[in-house]
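The structure under discussion appears below in the form of structure tokens.
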Amino acid sequence: GDSAVIESFLWLALPFGLASNVLFPVATVVGERLLYMPSIGFCVFGAVQYFKATSIIGSSRTLPAVLDLAMLLVCFLYATKTWDRNPVWSSTVTLFLEHIKIVPNSVRMHHGLAAEYAKMQNFTAALPYYKSAIKLLSDKKFNSKMRQKEKDYNSTLGQYYSELATALDELSRQEEAVPYYHKAIALQQDEYRYWNRLAFALVQTRRYDEGFVAFFKCYSLRPEAADMVNNLGNIYMATGRAEEAMRSYKLSHRLSPTDSESLYNMAVLLLRTGQMKQGYEMMVQASRADPSDPEKRVAALKAKQLYLSRR
């Protein structure tokens, strides 16, 4: 009756109105998941109208068949649409791609797709979407509201630059990554993660002096971090400054006595400077400090062979 029509209409209209971006924006463009309740209302409404129509034209011979065919056609059309839309929901990537087709200027969708590709270790595919997200975020036309919140804007843009640089880093394109790390740091000058990634990228490109500055900045941000002191020692060793390297390794070991890396690096330094016995003994200590690491066990055996060959 009329109550069923009203109830089905409310099931259809109220949830759909709340999720349709008509009454107010809900930031959803691929919203099939929001249509479950409206679909119930639509089906009930259609069924009520169908049975009303059949009761009215029940004496006719042809109209009921036409009505049945019309209902079958409606069901077929909706089934076809469902079949067509199912692939969109096959993965997170396809969902983001569909979002971008509908809202091509969405910063969030471009960044979300880039992050999803990065999660899949497909950094080559992630790069263009990181770049497009940065381009859109930097465009005053699309982000005037965010720009008013300068701290949030700088944080978000800095994160995007860093993630783009990290993707390039993972592809062994450190020379290209370095400028993006610098851009991220320019927006957030005391962000430890950015300085840390920059430092490693600089060392990998053999820009040791710049890498030393970046690692020292990391140390100034986190003076309790033994690994940063250890990294400073690595740069000292790479640039032939053995005494400074040894001081750094010893300080790193004092900051973290259970860490085997500083012991290992001290052993390498001692062996390189011709102190074979001390280097061998230190390598044995490093191996004992981390017995689960097979590389340190092998290094200890090689150090022993080197020591015995030089006696």
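A note on labels: chains of the structure tokens are A, B, ... as shown, every chain counts residues from 1, and ligands are counted from 1 in their shown order.
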Leu308 in chain A surroundings by only C-alpha atoms, 12 Å radius, close-in-sequence under 6 positions cut, as an mmCIF file with C-alpha atoms, in the first residue's frame:
```
data_model
loop_
_atom_site.group_PDB
_atom_site.id
_atom_site.type_symbol
_atom_site.label_atom_id
_atom_site.label_comp_id
_atom_site.auth_asym_id
_atom_site.auth_seq_id
_atom_site.Cartn_x
_atom_site.Cartn_y
_atom_site.Cartn_z
ATOM 1 C CA MET A 276 95.847 -7.155 11.911
ATOM 2 C CA LYS A 277 95.767 -8.683 15.377
ATOM 3 C CA GLY A 279 91.324 -6.057 13.758
ATOM 4 C CA TYR A 280 90.897 -9.843 13.968
ATOM 5 C CA LEU A 301 87.099 -16.183 9.479
ATOM 6 C CA LYS A 302 88.550 -13.990 6.722
#
```
In range 84-141 of chain A, DSSP helix (DSSP H, G or I) residues written as a ChimeraX atom specification: /A:84-89,92-102,107-119,123-138
Polymer residues at most 12 Å from Ile100 in chain A, only C-alpha atoms, same-chain spacing of 2 or more positions, as a VMD selection string: chain A and resid 28 to 30 93 to 98 102 to 114 129 132 to 133
Within 8 Å of Gln285 in chain A using only C-alpha atoms, minus same-chain residues under 4 positions, as a ChimeraX atom specification: /A:263,281,289
Would you save the residues from that selection as a compact mmCIF listing (two decimals), in the first residue's frame, using all heavy atoms?
```
# COMPACT_ATOMS: atom_id res chain seq x y z
N LEU A 263 81.34 -2.28 16.30
CA LEU A 263 82.46 -3.20 16.48
C LEU A 263 82.97 -3.68 15.12
O LEU A 263 84.19 -3.75 14.89
CB LEU A 263 82.03 -4.40 17.33
CG LEU A 263 81.69 -4.12 18.80
CD1 LEU A 263 81.10 -5.35 19.44
CD2 LEU A 263 82.94 -3.66 19.56
N GLU A 281 90.74 -9.57 16.39
CA GLU A 281 90.08 -9.70 17.69
C GLU A 281 88.77 -8.91 17.74
O GLU A 281 87.76 -9.37 18.30
CB GLU A 281 91.04 -9.24 18.80
CG GLU A 281 92.24 -10.16 18.98
CD GLU A 281 93.26 -9.61 19.95
OE1 GLU A 281 93.14 -8.40 20.29
OE2 GLU A 281 94.19 -10.35 20.34
N ALA A 289 78.88 -10.64 19.17
CA ALA A 289 77.82 -9.70 19.58
C ALA A 289 76.54 -9.94 18.78
O ALA A 289 75.44 -9.61 19.24
CB ALA A 289 78.29 -8.26 19.41
```
From A:Ala303, A:Leu251, A:Ala201, A:Ile185, residue lying nearest Val268 in chain A [only C-alpha atoms]: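 Selected residue with least distance to Val268 in chain A: A:Ala303.
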Option closest in space to Arg173 in chain A, from A:Leu202, A:Leu270, A:Leu12, A:Leu67 [counting only C-alpha atoms]: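 Using only C-alpha atoms, the shortest distance to Arg173 in chain A belongs to A:Leu202.
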Exercise: Arg297 in chain A partners within 9 Å, only C-alpha atoms, chain neighbours under 2 positions left out, as a ChimeraX atom specification: /A:283-284,286-288,290-295,299-302
For CA of Lys304 in chain A and CA of Asn230 in chain A, the interatomic separation in Å (one decimal):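 Separation between CA of Lys304 in chain A and CA of Asn230 in chain A: 24.0 Å.
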Shortest interatomic distance to Leu187 in chain A - which of A:Tyr130, A:Phe216, A:Phe200, A:Tyr153, counting only C-alpha atoms: A:Tyr153
Separation of CA of Pro64 in chain A from CA of Tyr50 in chain A, in Å and rounded to one decimal: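 CA of Pro64 in chain A sits 9.9 Å away from CA of Tyr50 in chain A.
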Interatomic distance, CA of Leu35 in chain A to CA of Val48 in chain A (Å, one decimal):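 Computing it gives 19.7 Å between the two atoms.
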Spatial neighbours of Glu210 in chain A, max dist 12 Å, only C-alpha atoms, sep filter under 4 positions, as number ranges by chain: A: 178, 182, 195, 198-206, 214-217, 232, 235
